[in-house]
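Chemist: What follows is a single structure, and I will ask about it in a moment.
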Amino acid sequence: MADAATPRSTRRTFLGWGMAIIITSLTVSGILPILVFLWPPPPKGQTKGPLTIALDTPIDQLSDGQAVKFTAPASPNSAFIMADGGGDNAPGDLAFGGFVVMNQGKVQVLAINCSHLGCSVALNEGAKSFDCPCHGSRFHIDGTVLRGPAAYPLSHLTWKQGQDASTIEVDGLTLGF
Amino acid sequence: MAIPHPREVQMAVVQWLDERYPFTKAINEAMYQRVPNFANAFYYCFGGMVFVLIVLQLVTGILLAIYYVPDARGNPAAAYTSVLFIQNSVYLGWLIRGVHFWGANILIIMVLLHMARVYWTGSYRAPRELNWMVGVIMLLLVLVLALSGYLLPWDTKAYFATEVTIKIAGSAPPAFLGAFIKQVLQGGPVVGPPTLQIFFTAHVFLLPALIVLLMYVHFRFIRAHGIAEPM
(Lines give C-alpha, C1' and ligand atoms only; values in the text may rest on other atoms or scores of the structure.)
Protein backbone atom coordinates (compact mmCIF):
# COMPACT_ATOMS: atom_id res chain seq x y z
CA MET A 1 0.00 0.00 0.00
CA ALA A 2 2.84 2.37 0.79
CA ASP A 3 3.85 4.58 -2.09
CA ALA A 4 6.34 7.40 -2.47
CA ALA A 5 3.90 10.05 -1.16
CA THR A 6 3.19 8.21 2.09
CA PRO A 7 5.52 9.59 4.79
CA ARG A 8 7.64 6.77 6.13
CA SER A 9 7.42 6.04 9.82
CA THR A 10 10.84 6.94 11.12
CA ARG A 11 12.59 6.63 14.44
CA ARG A 12 12.03 10.38 14.85
CA THR A 13 8.23 10.21 14.42
CA PHE A 14 8.12 7.18 16.72
CA LEU A 15 10.02 9.06 19.43
CA GLY A 16 7.88 12.15 18.82
CA TRP A 17 4.67 10.20 19.35
CA GLY A 18 6.19 8.40 22.31
CA MET A 19 7.06 11.71 23.96
CA ALA A 20 3.61 13.10 23.16
CA ILE A 21 1.97 10.09 24.83
CA ILE A 22 4.23 10.32 27.90
CA ILE A 23 3.70 14.08 28.31
CA THR A 24 -0.07 13.76 27.78
CA SER A 25 -0.41 10.92 30.28
CA LEU A 26 1.70 12.83 32.83
CA THR A 27 -0.48 15.93 32.37
CA VAL A 28 -3.69 13.92 32.65
CA SER A 29 -2.49 12.03 35.73
CA GLY A 30 -1.63 15.40 37.30
CA ILE A 31 -4.88 17.16 36.44
CA LEU A 32 -7.33 14.28 36.95
CA PRO A 33 -6.87 13.93 40.74
CA ILE A 34 -7.23 17.73 41.05
CA LEU A 35 -10.58 17.63 39.22
CA VAL A 36 -11.73 14.71 41.39
CA PHE A 37 -10.67 16.66 44.50
CA LEU A 38 -12.63 19.72 43.35
CA TRP A 39 -15.86 17.71 42.94
CA PRO A 40 -17.95 18.69 46.00
CA PRO A 41 -18.39 15.81 48.46
CA PRO A 42 -21.73 15.29 50.23
CA PRO A 43 -21.77 17.36 53.43
CA LYS A 44 -21.15 15.31 56.55
CA GLY A 45 -24.37 14.42 58.37
CA GLN A 46 -26.65 14.99 55.38
CA THR A 47 -29.67 12.71 55.85
CA LYS A 48 -32.95 12.29 54.02
CA GLY A 49 -36.12 11.71 56.00
CA PRO A 50 -39.44 13.16 57.09
CA LEU A 51 -39.24 16.44 59.03
CA THR A 52 -41.76 16.93 61.82
CA ILE A 53 -43.38 20.36 61.58
CA ALA A 54 -45.61 22.02 64.19
CA LEU A 55 -48.30 24.16 62.56
CA ASP A 56 -49.57 27.48 63.98
CA THR A 57 -53.15 26.44 63.13
CA PRO A 58 -54.19 22.76 63.38
CA ILE A 59 -55.35 21.33 60.08
CA ASP A 60 -58.87 20.54 61.37
CA GLN A 61 -59.34 24.21 62.31
CA LEU A 62 -58.54 25.52 58.82
CA SER A 63 -61.63 26.89 57.11
CA ASP A 64 -62.11 26.51 53.39
CA GLY A 65 -59.70 28.69 51.37
CA GLN A 66 -57.46 29.25 54.37
CA ALA A 67 -53.73 28.50 54.44
CA VAL A 68 -51.05 28.33 57.14
CA LYS A 69 -47.38 28.97 56.52
CA PHE A 70 -44.56 26.84 57.95
CA THR A 71 -40.78 26.86 57.60
CA ALA A 72 -38.11 24.19 57.61
CA PRO A 73 -36.35 23.65 60.97
CA ALA A 74 -33.19 25.75 61.29
CA SER A 75 -31.39 23.56 63.83
CA PRO A 76 -30.35 21.27 62.43
CA ASN A 77 -30.54 23.16 59.15
CA SER A 78 -33.12 21.40 56.97
CA ALA A 79 -35.08 21.78 53.75
CA PHE A 80 -38.12 20.16 52.16
CA ILE A 81 -37.96 18.13 48.97
CA MET A 82 -40.42 19.05 46.20
CA ALA A 83 -42.56 16.22 44.88
CA ASP A 84 -43.20 17.86 41.50
CA GLY A 85 -42.64 21.18 39.79
CA GLY A 86 -42.40 23.19 36.61
CA GLY A 87 -40.48 26.27 35.51
CA ASP A 88 -37.81 27.10 38.08
CA ASN A 89 -38.94 24.21 40.30
CA ALA A 90 -38.32 20.54 39.61
CA PRO A 91 -38.99 17.31 41.52
CA GLY A 92 -36.21 16.86 44.07
CA ASP A 93 -35.48 20.61 44.37
CA LEU A 94 -35.26 21.99 47.89
CA ALA A 95 -37.67 24.41 49.60
CA PHE A 96 -37.17 26.22 52.90
CA GLY A 97 -40.88 26.72 53.58
CA GLY A 98 -44.39 25.91 52.49
CA PHE A 99 -48.13 26.29 53.09
CA VAL A 100 -50.79 23.89 54.30
CA VAL A 101 -53.91 24.78 52.30
CA MET A 102 -57.55 23.84 52.87
CA ASN A 103 -59.23 23.93 49.49
CA GLN A 104 -62.78 22.68 49.04
CA GLY A 105 -62.42 20.20 51.89
CA LYS A 106 -59.11 18.90 50.62
CA VAL A 107 -55.77 19.49 52.37
CA GLN A 108 -52.73 20.28 50.18
CA VAL A 109 -49.14 21.09 51.11
CA LEU A 110 -47.36 23.46 48.72
CA ALA A 111 -43.73 24.57 48.56
CA ILE A 112 -43.11 28.30 49.05
CA ASN A 113 -40.95 28.75 45.90
CA CYS A 114 -42.47 30.71 43.02
CA SER A 115 -42.26 28.68 39.81
CA HIS A 116 -40.96 31.74 37.91
CA LEU A 117 -37.54 32.36 39.52
CA GLY A 118 -37.83 30.89 43.01
CA CYS A 119 -38.77 33.81 45.28
CA SER A 120 -40.86 32.97 48.36
CA VAL A 121 -44.52 33.64 47.66
CA ALA A 122 -46.61 35.39 50.34
CA LEU A 123 -50.10 34.46 51.44
CA ASN A 124 -52.69 37.09 50.47
CA GLU A 125 -55.48 36.27 52.92
CA GLY A 126 -57.95 38.81 51.52
CA ALA A 127 -57.72 37.61 47.93
CA LYS A 128 -57.07 33.98 48.96
CA SER A 129 -54.06 33.83 46.70
CA PHE A 130 -50.27 33.48 46.87
CA ASP A 131 -48.53 36.61 45.60
CA CYS A 132 -44.89 36.68 44.58
CA PRO A 133 -43.07 39.86 45.72
CA CYS A 134 -40.40 39.64 43.02
CA HIS A 135 -42.21 39.86 39.66
CA GLY A 136 -45.86 39.93 40.63
CA SER A 137 -46.87 36.37 39.79
CA ARG A 138 -50.08 35.32 41.52
CA PHE A 139 -51.27 31.80 42.32
CA HIS A 140 -54.68 30.48 43.34
CA ILE A 141 -54.77 28.98 46.85
CA ASP A 142 -54.65 25.54 45.19
CA GLY A 143 -51.32 26.49 43.56
CA THR A 144 -52.49 27.09 40.00
CA VAL A 145 -51.39 30.24 38.17
CA LEU A 146 -53.67 33.28 38.28
CA ARG A 147 -51.24 35.71 36.67
CA GLY A 148 -47.77 35.54 35.09
CA PRO A 149 -44.87 35.75 34.58
CA ALA A 150 -45.01 32.36 36.33
CA ALA A 151 -46.21 29.71 33.86
CA TYR A 152 -46.36 26.66 36.12
CA PRO A 153 -48.26 25.89 39.34
CA LEU A 154 -46.57 25.80 42.73
CA SER A 155 -44.79 22.54 43.68
CA HIS A 156 -46.32 20.04 46.09
CA LEU A 157 -44.54 18.58 49.11
CA THR A 158 -44.99 14.95 50.12
CA TRP A 159 -46.46 14.84 53.61
CA LYS A 160 -48.52 12.87 56.09
CA GLN A 161 -50.42 13.66 59.25
CA GLY A 162 -48.30 13.70 62.43
CA GLN A 163 -49.33 12.71 65.96
CA ASP A 164 -52.17 15.24 66.03
CA ALA A 165 -53.85 17.77 63.78
CA SER A 166 -51.23 20.45 64.44
CA THR A 167 -48.19 18.44 63.33
CA ILE A 168 -47.31 17.16 59.87
CA GLU A 169 -44.41 15.09 58.60
CA VAL A 170 -42.93 16.48 55.40
CA ASP A 171 -40.36 14.80 53.16
CA GLY A 172 -37.08 16.62 53.64
CA LEU A 173 -33.36 16.70 54.03
CA THR A 174 -31.12 17.55 56.97
CA LEU A 175 -28.44 19.58 55.20
CA GLY A 176 -25.51 18.82 57.50
CA PHE A 177 -24.24 22.40 57.70
CA MET B 1 -12.18 25.25 0.82
CA ALA B 2 -8.99 23.41 1.56
CA ILE B 3 -8.52 22.45 5.19
CA PRO B 4 -5.28 24.07 6.45
CA HIS B 5 -2.60 21.81 7.79
CA PRO B 6 -2.36 22.08 11.63
CA ARG B 7 1.16 23.48 11.28
CA GLU B 8 -0.14 26.34 9.12
CA VAL B 9 -2.71 27.20 11.77
CA GLN B 10 -0.02 27.04 14.45
CA MET B 11 2.30 29.30 12.47
CA ALA B 12 -0.46 31.81 11.77
CA VAL B 13 -1.29 32.04 15.49
CA VAL B 14 2.38 32.38 16.51
CA GLN B 15 2.95 35.01 13.82
CA TRP B 16 -0.12 36.99 14.95
CA LEU B 17 1.14 36.92 18.54
CA ASP B 18 4.76 37.77 17.58
CA GLU B 19 3.66 40.82 15.61
CA ARG B 20 2.15 42.19 18.84
CA TYR B 21 4.86 41.13 21.31
CA PRO B 22 8.10 39.17 20.61
CA PHE B 23 6.93 36.06 22.46
CA THR B 24 9.11 33.67 20.46
CA LYS B 25 12.23 35.70 21.25
CA ALA B 26 11.32 35.96 24.94
CA ILE B 27 10.60 32.23 25.24
CA ASN B 28 13.78 31.30 23.35
CA GLU B 29 15.86 33.51 25.65
CA ALA B 30 14.21 31.99 28.72
CA MET B 31 14.31 28.35 27.62
CA TYR B 32 17.40 27.76 25.52
CA GLN B 33 20.42 28.15 27.72
CA ARG B 34 23.57 26.09 27.35
CA VAL B 35 24.29 23.94 30.39
CA PRO B 36 28.04 23.62 31.01
CA ASN B 37 29.36 20.08 31.29
CA PHE B 38 30.36 20.41 34.94
CA ALA B 39 26.70 21.20 35.78
CA ASN B 40 25.55 17.99 34.16
CA ALA B 41 25.44 16.12 37.47
CA PHE B 42 22.52 15.00 39.62
CA TYR B 43 23.42 17.28 42.51
CA TYR B 44 23.01 20.31 40.25
CA CYS B 45 19.28 19.35 40.01
CA PHE B 46 18.57 19.94 43.72
CA GLY B 47 17.65 23.61 43.14
CA GLY B 48 15.28 22.68 40.34
CA MET B 49 13.72 20.02 42.55
CA VAL B 50 13.17 22.65 45.24
CA PHE B 51 11.42 24.79 42.62
CA VAL B 52 9.17 21.88 41.52
CA LEU B 53 8.33 21.11 45.16
CA ILE B 54 7.42 24.76 45.87
CA VAL B 55 5.12 24.80 42.82
CA LEU B 56 3.58 21.54 44.08
CA GLN B 57 3.08 23.12 47.52
CA LEU B 58 1.40 26.16 45.94
CA VAL B 59 -0.97 24.00 43.87
CA THR B 60 -1.92 21.58 46.66
CA GLY B 61 -2.12 24.47 49.15
CA ILE B 62 -4.60 26.35 46.96
CA LEU B 63 -6.63 23.14 46.65
CA LEU B 64 -6.64 22.60 50.43
CA ALA B 65 -7.77 26.21 50.96
CA ILE B 66 -10.99 25.37 49.12
CA TYR B 67 -12.15 23.15 52.01
CA TYR B 68 -10.12 24.41 54.99
CA VAL B 69 -11.91 26.70 57.48
CA PRO B 70 -9.49 28.88 59.51
CA ASP B 71 -11.78 29.12 62.55
CA ALA B 72 -10.48 27.94 65.93
CA ARG B 73 -13.58 28.90 67.95
CA GLY B 74 -15.67 26.21 69.59
CA ASN B 75 -14.96 22.59 70.44
CA PRO B 76 -14.41 20.82 68.14
CA ALA B 77 -13.30 23.87 66.15
CA ALA B 78 -14.18 24.22 62.48
CA ALA B 79 -10.46 24.29 61.65
CA TYR B 80 -10.06 20.78 63.09
CA THR B 81 -13.28 19.33 61.68
CA SER B 82 -12.56 20.79 58.24
CA VAL B 83 -9.18 19.00 58.18
CA LEU B 84 -10.95 15.76 59.18
CA PHE B 85 -13.45 16.48 56.40
CA ILE B 86 -10.62 16.92 53.85
CA GLN B 87 -8.96 13.74 55.09
CA ASN B 88 -12.06 11.50 55.23
CA SER B 89 -14.85 12.90 53.03
CA VAL B 90 -13.39 15.01 50.21
CA TYR B 91 -12.64 12.91 47.15
CA LEU B 92 -8.87 12.25 47.08
CA GLY B 93 -8.58 14.73 49.98
CA TRP B 94 -6.16 12.32 51.73
CA LEU B 95 -4.00 12.40 48.59
CA ILE B 96 -3.87 16.19 48.18
CA ARG B 97 -3.27 16.73 51.91
CA GLY B 98 -0.70 13.93 51.92
CA VAL B 99 1.17 15.48 48.99
CA HIS B 100 1.14 18.86 50.79
CA PHE B 101 2.34 17.30 54.05
CA TRP B 102 5.11 15.13 52.59
CA GLY B 103 6.01 17.80 50.04
CA ALA B 104 6.71 20.19 52.93
CA ASN B 105 8.99 17.64 54.63
CA ILE B 106 10.85 16.74 51.45
CA LEU B 107 11.09 20.44 50.51
CA ILE B 108 13.14 21.19 53.65
CA ILE B 109 15.42 18.23 52.93
CA MET B 110 15.91 19.37 49.33
CA VAL B 111 16.58 22.97 50.36
CA LEU B 112 19.30 21.73 52.72
CA LEU B 113 20.77 19.46 50.02
CA HIS B 114 20.71 22.36 47.53
CA MET B 115 22.50 24.61 50.01
CA ALA B 116 25.01 21.86 50.76
CA ARG B 117 25.73 21.56 47.03
CA VAL B 118 26.16 25.34 46.67
CA TYR B 119 28.52 25.30 49.66
CA TRP B 120 30.41 22.23 48.40
CA THR B 121 31.00 23.70 44.93
CA GLY B 122 31.75 27.14 46.38
CA SER B 123 29.01 28.70 44.28
CA TYR B 124 28.37 31.37 46.92
CA ARG B 125 31.67 33.16 46.09
CA ALA B 126 31.94 36.58 44.47
CA PRO B 127 30.08 37.88 42.56
CA ARG B 128 27.24 35.60 43.74
CA GLU B 129 27.05 36.55 47.45
CA LEU B 130 23.73 38.36 47.04
CA ASN B 131 22.12 35.25 45.63
CA TRP B 132 23.38 33.24 48.61
CA MET B 133 21.80 35.83 50.91
CA VAL B 134 18.50 35.67 49.02
CA GLY B 135 18.71 31.88 49.34
CA VAL B 136 19.27 32.04 53.08
CA ILE B 137 16.22 34.30 53.44
CA MET B 138 14.24 31.76 51.44
CA LEU B 139 15.48 28.98 53.73
CA LEU B 140 14.10 30.93 56.68
CA LEU B 141 10.83 31.53 54.80
CA VAL B 142 10.48 27.80 54.09
CA LEU B 143 11.08 27.01 57.77
CA VAL B 144 8.52 29.62 58.89
CA LEU B 145 6.06 28.25 56.30
CA ALA B 146 6.49 24.76 57.75
CA LEU B 147 6.09 26.10 61.26
CA SER B 148 2.95 28.12 60.51
CA GLY B 149 1.41 25.27 58.51
CA TYR B 150 1.93 22.94 61.46
CA LEU B 151 -0.66 24.84 63.54
CA LEU B 152 -3.44 24.83 60.93
CA PRO B 153 -4.89 21.32 61.62
CA TRP B 154 -5.60 22.65 65.14
CA ASP B 155 -5.23 19.29 66.85
CA THR B 156 -3.52 18.73 70.21
CA LYS B 157 -0.10 18.15 68.64
CA ALA B 158 -0.37 21.33 66.55
CA TYR B 159 -1.61 23.38 69.50
CA PHE B 160 1.11 22.43 71.94
CA ALA B 161 3.88 22.45 69.34
CA THR B 162 2.94 26.06 68.57
CA GLU B 163 2.75 26.91 72.26
CA VAL B 164 6.33 25.67 72.63
CA THR B 165 7.50 27.54 69.50
CA ILE B 166 5.93 30.80 70.63
CA LYS B 167 7.48 30.37 74.08
CA ILE B 168 10.91 29.92 72.48
CA ALA B 169 10.39 32.99 70.27
CA GLY B 170 9.08 34.87 73.32
CA SER B 171 12.24 34.10 75.32
CA ALA B 172 14.33 36.30 72.99
CA PRO B 173 16.31 38.91 74.93
CA PRO B 174 15.81 41.61 76.05
CA ALA B 175 12.65 40.69 77.97
CA PHE B 176 10.44 43.43 76.51
CA LEU B 177 11.32 42.35 72.95
CA GLY B 178 10.49 38.71 73.71
CA ALA B 179 7.19 39.74 75.25
CA PHE B 180 6.42 41.85 72.18
CA ILE B 181 7.21 38.97 69.76
CA LYS B 182 5.06 36.62 71.81
CA GLN B 183 2.17 39.09 71.85
CA VAL B 184 2.38 39.63 68.07
CA LEU B 185 2.61 35.91 67.20
CA GLN B 186 -0.05 34.85 69.67
CA GLY B 187 -2.48 37.71 69.10
CA GLY B 188 -3.59 37.49 72.74
CA PRO B 189 -2.76 36.10 76.20
CA VAL B 190 -2.92 32.41 75.13
CA VAL B 191 -2.66 30.39 71.92
CA GLY B 192 -6.20 30.70 70.62
CA PRO B 193 -8.36 31.69 67.65
CA PRO B 194 -6.36 34.91 66.96
CA THR B 195 -3.16 32.82 66.80
CA LEU B 196 -4.66 30.54 64.18
CA GLN B 197 -5.85 33.57 62.20
CA ILE B 198 -2.35 35.10 62.25
CA PHE B 199 -0.63 31.83 61.32
CA PHE B 200 -3.18 31.14 58.59
CA THR B 201 -2.69 34.60 57.05
CA ALA B 202 1.10 34.19 57.18
CA HIS B 203 0.99 30.67 55.77
CA VAL B 204 -1.48 31.33 52.96
CA PHE B 205 -0.99 34.97 51.89
CA LEU B 206 2.15 36.65 53.23
CA LEU B 207 4.88 33.98 53.08
CA PRO B 208 3.94 32.42 49.69
CA ALA B 209 3.89 35.88 48.11
CA LEU B 210 7.32 36.65 49.58
CA ILE B 211 8.85 33.35 48.53
CA VAL B 212 7.53 33.64 44.96
CA LEU B 213 9.00 37.15 44.74
CA LEU B 214 12.37 35.98 46.07
CA MET B 215 12.37 32.97 43.73
CA TYR B 216 12.05 35.40 40.83
CA VAL B 217 14.99 37.43 42.17
CA HIS B 218 16.98 34.20 42.72
CA PHE B 219 16.43 33.08 39.11
CA ARG B 220 17.25 36.50 37.66
CA PHE B 221 20.54 36.43 39.59
CA ILE B 222 21.31 32.93 38.25
CA ARG B 223 20.64 34.10 34.68
CA ALA B 224 22.78 37.19 35.20
CA HIS B 225 25.75 35.26 36.66
CA GLY B 226 25.43 31.93 34.93
CA ILE B 227 26.13 28.67 36.73
CA ALA B 228 29.19 28.94 38.94
CA GLU B 229 32.22 26.85 38.04
CA PRO B 230 33.08 24.40 40.80
CA MET B 231 36.17 24.99 42.93
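Quick note on naming: the chains in the C-alpha coordinates go A, B, ... in the order shown, residues restart at 1 in each chain, and ligands are numbered from 1 in order of appearance.
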As a PyMOL selection string, please: every residue in range 1-161 of chain A that a backbone DSSP assignment puts in alpha helix (DSSP H).
Modeler: chain A and resi 11-38
Chemist: I need the chain B residues near chain A as an MDAnalysis selection string; criterion: at most 6 Å, counting only C-alpha atoms.
Modeler: chainID B and resid 90:92
Chemist: Write out as a list in words which residues come within 12 Å of Ala104 in chain B when counting only C-alpha atoms, dropping same-chain ones fewer than 6 positions away.
Modeler: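 After dropping sequence-adjacent residues, the list is Val50, Val52, Leu53, Ile54, Val55, Leu56, Gln57, Leu58, Thr60, Gly61, Arg97, Gly98, Met110, Val111, Val142, Leu143, Val144, Leu145, Ala146, Leu147, Ser148, Gly149 and Tyr150 of chain B.
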Chemist: Go ahead and write the selection's residues with N, CA and C atoms as a PDB file, in the first residue's frame.
Modeler:
ATOM      1  N   VAL B  50      13.783  21.743  44.256  1.00  0.00           N
ATOM      2  CA  VAL B  50      13.172  22.649  45.240  1.00  0.00           C
ATOM      3  C   VAL B  50      12.076  23.477  44.558  1.00  0.00           C
ATOM      4  N   VAL B  52      10.329  22.734  41.827  1.00  0.00           N
ATOM      5  CA  VAL B  52       9.170  21.884  41.522  1.00  0.00           C
ATOM      6  C   VAL B  52       8.346  21.632  42.784  1.00  0.00           C
ATOM      7  N   LEU B  53       9.037  21.374  43.907  1.00  0.00           N
ATOM      8  CA  LEU B  53       8.326  21.105  45.158  1.00  0.00           C
ATOM      9  C   LEU B  53       7.544  22.336  45.615  1.00  0.00           C
ATOM     10  N   ILE B  54       8.125  23.545  45.449  1.00  0.00           N
ATOM     11  CA  ILE B  54       7.416  24.761  45.867  1.00  0.00           C
ATOM     12  C   ILE B  54       6.171  24.954  45.004  1.00  0.00           C
ATOM     13  N   VAL B  55       6.290  24.704  43.701  1.00  0.00           N
ATOM     14  CA  VAL B  55       5.117  24.801  42.821  1.00  0.00           C
ATOM     15  C   VAL B  55       4.055  23.788  43.266  1.00  0.00           C
ATOM     16  N   LEU B  56       4.509  22.573  43.608  1.00  0.00           N
ATOM     17  CA  LEU B  56       3.583  21.536  44.081  1.00  0.00           C
ATOM     18  C   LEU B  56       2.896  21.984  45.370  1.00  0.00           C
ATOM     19  N   GLN B  57       3.656  22.625  46.275  1.00  0.00           N
ATOM     20  CA  GLN B  57       3.080  23.117  47.524  1.00  0.00           C
ATOM     21  C   GLN B  57       2.051  24.209  47.247  1.00  0.00           C
ATOM     22  N   LEU B  58       2.345  25.093  46.277  1.00  0.00           N
ATOM     23  CA  LEU B  58       1.400  26.162  45.944  1.00  0.00           C
ATOM     24  C   LEU B  58       0.097  25.564  45.401  1.00  0.00           C
ATOM     25  N   THR B  60      -1.156  22.347  45.679  1.00  0.00           N
ATOM     26  CA  THR B  60      -1.924  21.576  46.660  1.00  0.00           C
ATOM     27  C   THR B  60      -2.438  22.488  47.780  1.00  0.00           C
ATOM     28  N   GLY B  61      -1.676  23.529  48.113  1.00  0.00           N
ATOM     29  CA  GLY B  61      -2.121  24.466  49.146  1.00  0.00           C
ATOM     30  C   GLY B  61      -3.370  25.212  48.723  1.00  0.00           C
ATOM     31  N   ARG B  97      -3.854  16.318  50.634  1.00  0.00           N
ATOM     32  CA  ARG B  97      -3.266  16.729  51.908  1.00  0.00           C
ATOM     33  C   ARG B  97      -1.956  15.977  52.144  1.00  0.00           C
ATOM     34  N   GLY B  98      -1.922  14.704  51.761  1.00  0.00           N
ATOM     35  CA  GLY B  98      -0.699  13.925  51.916  1.00  0.00           C
ATOM     36  C   GLY B  98       0.439  14.490  51.090  1.00  0.00           C
ATOM     37  N   MET B 110      15.315  18.974  50.609  1.00  0.00           N
ATOM     38  CA  MET B 110      15.906  19.366  49.329  1.00  0.00           C
ATOM     39  C   MET B 110      16.570  20.735  49.414  1.00  0.00           C
ATOM     40  N   VAL B 111      15.957  21.652  50.176  1.00  0.00           N
ATOM     41  CA  VAL B 111      16.580  22.972  50.361  1.00  0.00           C
ATOM     42  C   VAL B 111      17.954  22.802  50.996  1.00  0.00           C
ATOM     43  N   VAL B 142      10.980  29.176  54.170  1.00  0.00           N
ATOM     44  CA  VAL B 142      10.483  27.798  54.089  1.00  0.00           C
ATOM     45  C   VAL B 142      10.269  27.237  55.492  1.00  0.00           C
ATOM     46  N   LEU B 143      11.216  27.518  56.401  1.00  0.00           N
ATOM     47  CA  LEU B 143      11.080  27.008  57.769  1.00  0.00           C
ATOM     48  C   LEU B 143       9.869  27.640  58.457  1.00  0.00           C
ATOM     49  N   VAL B 144       9.667  28.960  58.260  1.00  0.00           N
ATOM     50  CA  VAL B 144       8.522  29.620  58.893  1.00  0.00           C
ATOM     51  C   VAL B 144       7.215  29.118  58.259  1.00  0.00           C
ATOM     52  N   LEU B 145       7.243  28.837  56.957  1.00  0.00           N
ATOM     53  CA  LEU B 145       6.063  28.253  56.302  1.00  0.00           C
ATOM     54  C   LEU B 145       5.714  26.905  56.932  1.00  0.00           C
ATOM     55  N   ALA B 146       6.727  26.068  57.140  1.00  0.00           N
ATOM     56  CA  ALA B 146       6.494  24.757  57.746  1.00  0.00           C
ATOM     57  C   ALA B 146       5.944  24.918  59.157  1.00  0.00           C
ATOM     58  N   LEU B 147       6.514  25.871  59.881  1.00  0.00           N
ATOM     59  CA  LEU B 147       6.085  26.098  61.259  1.00  0.00           C
ATOM     60  C   LEU B 147       4.651  26.605  61.334  1.00  0.00           C
ATOM     61  N   SER B 148       4.314  27.557  60.458  1.00  0.00           N
ATOM     62  CA  SER B 148       2.953  28.122  60.512  1.00  0.00           C
ATOM     63  C   SER B 148       1.941  27.103  59.996  1.00  0.00           C
ATOM     64  N   GLY B 149       2.329  26.280  59.013  1.00  0.00           N
ATOM     65  CA  GLY B 149       1.409  25.265  58.514  1.00  0.00           C
ATOM     66  C   GLY B 149       1.127  24.190  59.539  1.00  0.00           C
ATOM     67  N   TYR B 150       2.065  23.993  60.459  1.00  0.00           N
ATOM     68  CA  TYR B 150       1.925  22.942  61.458  1.00  0.00           C
ATOM     69  C   TYR B 150       0.751  23.210  62.393  1.00  0.00           C
TER      70      TYR B 150
END
Chemist: Report, in Å with one decimal, the straight-line distance from CA of Cys114 in chain A to CA of Thr158 in chain A.
Modeler: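 The value is 17.5 Å.
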Chemist: Please provide as a ChimeraX atom specification all residues within 6 Å of Gln66 in chain A, with the sequence filter that same-chain residues fewer than 3 positions apart are discarded (counting only C-alpha atoms).
Modeler: /A:62-63,102
Chemist: Any chance you can output those residues with C-alpha atoms as a JSON list (two decimals), in the first residue's frame?
Modeler:
[["chain", "number", "residue", "atom", "x", "y", "z"],
["A", 62, "LEU", "CA", -58.54, 25.52, 58.82],
["A", 63, "SER", "CA", -61.63, 26.89, 57.11],
["A", 102, "MET", "CA", -57.55, 23.84, 52.87]]
Chemist: Any idea what's packed within 12 Å of Met133 in chain B, counting only C-alpha atoms, ignoring anything in its chain fewer than 3 positions away? Could you give it as an NGL selection string?
Modeler: :B and (115 or 124-125 or 127-130 or 136-140 or 214 or 217-218 or 221)
Chemist: Compile a residue-level contact table for range 85-125 of chain A against range 49-55 of chain A at a cut-off of 12 Å, reporting for every qualifying residue the shortest atom pair and its distance in Å to one decimal, with only C-alpha atoms counted, rows ordered by chain and ascending number, as a tab-separated table.
Modeler:
residue	atom	partner	partner_atom	distance
A:Phe96	CA	A:Leu51	CA	11.7
A:Gly97	CA	A:Ile53	CA	10.5
A:Gly98	CA	A:Ile53	CA	10.7
A:Phe99	CA	A:Leu55	CA	9.7
A:Val100	CA	A:Leu55	CA	8.6
A:Val101	CA	A:Leu55	CA	11.7
A:Val109	CA	A:Leu55	CA	11.9
Chemist: Would you kindly return, as an MDAnalysis selection string, each protein, DNA or RNA residue with an atom no farther than 12 Å from any atom of range 126-135 of chain A, considering only C-alpha atoms and excluding same-chain residues fewer than 6 positions away?
Modeler: chainID A and resid 63:69 98:99 101:103 110:120 141:150 153:154
Chemist: Measuring atom to atom with only C-alpha atoms, identify which of B:Thr156, B:Gln33, B:Asn40, B:Ser89 is nearest to Pro76 in chain B.
Modeler: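 Smallest distance to Pro76 in chain B is found for B:Thr156.
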Chemist: Just the number, please: distance in Å from CA of Glu125 in chain A to CA of Thr71 in chain A, one decimal.
Modeler: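 Going from CA of Glu125 in chain A over to CA of Thr71 in chain A covers 18.1 Å.
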Chemist: Can you tell me, as a count of residues only, which residues in range 9-166 of chain A count as strand (DSSP E) by DSSP?
Modeler: 47
Chemist: Could you give me, as an MDAnalysis selection string, the residues within 12 Å of Ala126 in chain B, counting only C-alpha atoms and dropping anything in the same chain fewer than 4 positions from it?
Modeler: chainID B and resid 122 130:132 225 228:229
Chemist: Point out the residue among B:Gly170, B:Asn88, B:Tyr43, B:Gly178 with the least atom-to-atom distance to Ala116 in chain B, counting only C-alpha atoms.
Modeler: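 Checking each of B:Gly170, B:Asn88, B:Tyr43, B:Gly178 against Ala116 in chain B, counting only C-alpha atoms, the winner is B:Tyr43.
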Chemist: With distances taken over only C-alpha atoms, which of B:Leu141, B:Ala39, B:Ala78, B:Leu210 is nearest to Val118 in chain B?
Modeler: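 Looking at the shortest contact to Val118 in chain B, the residue is B:Ala39.
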Chemist: Pick the closest to Leu157 in chain A from A:Pro73, A:Pro91, A:Gly16, A:Gly176: which is it, counting only C-alpha atoms?
Modeler: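 Selected residue with least distance to Leu157 in chain A: A:Pro91.
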